[in-house]
2 protein chains.
Amino acid sequence: MEDEKTLSILVVGSVAFDAIETPFTRVEQALGGAASYFATAASLYNQVNLVAIVGSDFPHEYLDFWRSRSVNLAGLQVEEGKTFFWRGRYHMDMNTRDTLDTQLGVYADFHPVIPDQYRDSSLVFLANIQPELQMEVLEQVSGARLTVLDTMELWIMTARPQLTEVIKRVDVLLMSEEEVRQYTNQASVVIGARQLLDMGLKYGVVKLGSYGALLFGADGTYFSAPSYPLEEVIDPTGAGDAFAGGFLGYLSTVALNEDGGYAVDDLKRAVVHGNIIGSFTCGDFSIGALRNLTLTDVATRYKELVRYSHFDPNWVSTRR
Amino acid sequence: MEDEKTLSILVVGSVAFDAIETPFTRVEQALGGAASYFATAASLYNQVNLVAIVGSDFPHEYLDFWRSRSVNLAGLQVEEGKTFFWRGRYHMDMNTRDTLDTQLGVYADFHPVIPDQYRDSSLVFLANIQPELQMEVLEQVSGARLTVLDTMELWIMTARPQLTEVIKRVDVLLMSEEEVRQYTNQASVVIGARQLLDMGLKYGVVKLGSYGALLFGADGTYFSAPSYPLEEVIDPTGAGDAFAGGFLGYLSTVALNEDGGYAVDDLKRAVVHGNIIGSFTCGDFSIGALRNLTLTDVATRYKELVRYSHFDPNWVSTRR
């Protein structure tokens, strides 16, 4: 078993500025991008090694914040030009959204380079960038104990063969329910998830948004994690990336089984952590709700979720 | 505490013929109607007293089946004419459907009459008929230990004041998530459910279809019940009515607390039973999957759901 101190989490993904409109309010030039949410969330648990690209307009404030959270920025490329920009508008249900504008800026020429000091990263998260770039990352890291892949509808539609190759190379795939249906063309998420596992994954996690998440294992594991009930959703942007941060973050704190794999109970806990971190993210714009979050806050929601979802395990029929 | 034998469940609702088209298959002249699903499901647990109306075209076969399941038919009115008929078509996602035809037949003049032998029914289920008829039922039963109300979008839209009066008179309200939003005009189901509880309910159950169900209590109870994962949904018609049958059916088998209320653990178990019975219902058209179901089958899925949804209750943060 490695010394716990050596356990770091590599993330490759986008760092961006978001402009977001909801039916209730709006925000301009907020810190966004999958890697921003992930790094902020996962750094609650362990050191995060960030690989991304930003323009010369990117504020030092965020870099200072991440350094204060033991996010290693050696792999953050800073190039002359503009940082990736995204403008979106949420519908009344806060679940669906339209993209109003995308400006790639310096991201257009991004190729991930993994610094030498990152090469012993134990856990690797490939955020939802182009599958070709995800593959470039996989070819630069070896010996990771866990590789986790995220993606998005755009790549399922436009880069399916390349995405398929990446799926075949990783341990865990995170997908929303809609993405599972799109990729597998199966109405049943249960059948779709099994089809994905048959491609060689050890685990598949199906994110259900406000309904929680499902864990499917190649070993037959099935687990349904409850969502944390929210009275108000301010902005769901980044909740899925923060979910991944909680999931990998938690797994970075546990020891492996003797056979080199994770205990199923740890994977279940990891999905619950993902849901909890995702739920906090929805409580504010950008990484606002994650900045001052502590693992004590996470533990409080964890205990609540136990109370909210467990029921008498011992009922048996005494009739007929 | 009453003798268990006296615990019977009154249901008032529709008995109908359904013609159903799904993307995969279709069925004509199948037994349908909320009370049909409910009575078949709840009679797994205890005696059911049925109040409904059918036409002279209604087959004896179904009556014989219900009698064999200890469904009391003294309150089933048989009138010259046609039985209520509904034709619907499900969309590809099997969650949304269009009504293609509705023929009220003898149901047009239905007024529920509760036979004397039903008056000591301990649990009362008002299926999704017009609120005026639901109120007529409430005025004929008194002393029930539990009254449970179901409704549908049509009455929220067309009979809201009458529905409101009924909600104020019952103990438990079952609603789909969409119905909670429609009735309360709240985007948040958590806030919507609290608003409903404030009308005087003891409990509200929010049905989430394939995502399970939520229980909200006026005492602050919150419980999220997992759904049973299905590889295939043949026909979801009646799953909500069968859910109610499992919910009330289970509650009819337990003793009350000393204060005359149900134990919260029993209400949680009841929601789990509802989800399980609903899941079976989706496995076939009409009541096909409920005809030969036993409580042993229910107990098997109950144990599976424990395994599928429980996680280590004892995780605590050991850092920061």
# chains A, B, ... in the order shown; residues from 1 in each chain; ligands from 1
>>> interface_residues(of="chain B", to="chain A", cutoff="6 Å", atoms="only C-alpha atoms", output="count of residues only")
16
>>> residues_around(residues="Asp150 (chain A)", least_positions_apart="5", cutoff="12 Å", atoms="only C-alpha atoms", output="count of residues only")
39
>>> atom_distance(atom1="CA of Thr96 (chain A)", atom2="CA of Pro236 (chain B)")
24.9 Å
>>> select_by_dssp(residues="region 69-230 of chain B", states="strand (DSSP E)", output="number ranges by chain")
B: 71-79, 85-90, 97-103, 123-126, 146-149, 172-176, 203-207, 213-217, 222-225
>>> atom_distance(atom1="CA of Gln186 (chain A)", atom2="CA of Phe24 (chain B)")
13.0 Å
>>> closest_residue(among="B:Phe110, B:Tyr250, B:Phe58, B:Phe17", to="Phe85 (chain B)", atoms="only C-alpha atoms")
B:Phe17
>>> residues_around(residues="Gln29 (chain A)", least_positions_apart="4", cutoff="12 Å", atoms="only C-alpha atoms", output="list in words")
Ala16, Phe17, Asp18, Ala19, Ile20, Glu21, Gly33, Asp57, Phe58, Pro59, Thr83, Phe84, Phe85, Trp86, Arg87, Gly88, Phe285 and Ser286 of chain A
>>> atom_distance(atom1="CA of Ser70 (chain A)", atom2="CA of Gln47 (chain A)")
5.4 Å
>>> select_by_dssp(residues="region 113-261 of chain A", states="alpha helix (DSSP H)", output="short mmCIF file (atom, residue, chain, number, x, y, z; two decimals) with C-alpha atoms, in the first residue's frame")
data_model
loop_
_atom_site.label_atom_id
_atom_site.label_comp_id
_atom_site.auth_asym_id
_atom_site.auth_seq_id
_atom_site.Cartn_x
_atom_site.Cartn_y
_atom_site.Cartn_z
CA PRO A 131 -12.00 12.01 -26.60
CA GLU A 132 -8.80 12.50 -28.66
CA LEU A 133 -7.37 14.67 -25.87
CA GLN A 134 -8.53 12.17 -23.25
CA MET A 135 -6.61 9.48 -25.14
CA GLU A 136 -3.50 11.70 -25.22
CA VAL A 137 -3.70 11.84 -21.42
CA LEU A 138 -4.08 8.07 -21.04
CA GLU A 139 -0.95 7.60 -23.13
CA GLN A 140 1.01 9.86 -20.79
CA GLU A 153 -23.61 14.64 -25.49
CA LEU A 154 -21.48 16.60 -27.98
CA TRP A 155 -18.82 13.84 -28.15
CA ILE A 156 -21.39 11.04 -28.27
CA MET A 157 -22.82 12.76 -31.34
CA THR A 158 -19.63 13.94 -33.06
CA ARG A 160 -18.40 8.38 -31.09
CA PRO A 161 -15.62 6.06 -32.42
CA GLN A 162 -12.93 8.00 -30.54
CA LEU A 163 -15.07 8.03 -27.37
CA THR A 164 -15.55 4.27 -27.71
CA GLU A 165 -11.78 3.76 -27.75
CA VAL A 166 -11.41 5.78 -24.55
CA ILE A 167 -14.23 3.89 -22.82
CA GLU A 177 -28.99 8.88 -17.79
CA GLU A 178 -29.63 10.67 -21.11
CA GLU A 179 -26.05 10.05 -22.21
CA VAL A 180 -26.39 6.32 -21.47
CA ARG A 181 -29.52 6.22 -23.65
CA GLN A 182 -27.85 8.23 -26.42
CA TYR A 183 -24.72 6.14 -26.49
CA THR A 184 -26.32 2.70 -26.15
CA VAL A 189 -30.74 2.34 -18.29
CA VAL A 190 -30.19 -1.08 -16.68
CA ILE A 191 -29.62 -2.71 -20.06
CA GLY A 192 -27.64 0.29 -21.33
CA ALA A 193 -25.33 0.21 -18.32
CA ARG A 194 -24.70 -3.49 -18.79
CA GLN A 195 -23.81 -2.88 -22.43
CA LEU A 196 -21.26 -0.27 -21.32
CA LEU A 197 -19.78 -2.64 -18.73
CA ALA A 239 -22.72 19.67 -10.18
CA GLY A 240 -21.69 16.66 -12.27
CA ASP A 241 -18.02 17.71 -12.22
CA ALA A 242 -18.20 18.28 -8.47
CA PHE A 243 -19.85 14.85 -8.17
CA ALA A 244 -16.76 13.40 -9.84
CA GLY A 245 -14.59 15.40 -7.41
CA GLY A 246 -16.36 13.88 -4.43
CA PHE A 247 -16.27 10.41 -5.98
CA LEU A 248 -12.53 10.37 -6.75
CA GLY A 249 -11.75 12.49 -3.70
CA TYR A 250 -13.30 9.96 -1.37
CA LEU A 251 -11.65 7.03 -3.15
#
>>> closest_residue(among="B:Thr147, B:Thr22, B:Val54, B:Arg119", to="Ser252 (chain B)", atoms="only C-alpha atoms")
B:Thr147
>>> closest_residue(among="A:Ala39, A:Leu100, A:Met199, A:Val113", to="Ile53 (chain A)", atoms="only C-alpha atoms")
A:Val113
>>> closest_residue(among="B:Ser14, B:Thr237, B:Asn95, B:Ser43", to="Ala108 (chain B)", atoms="only C-alpha atoms")
B:Ser14
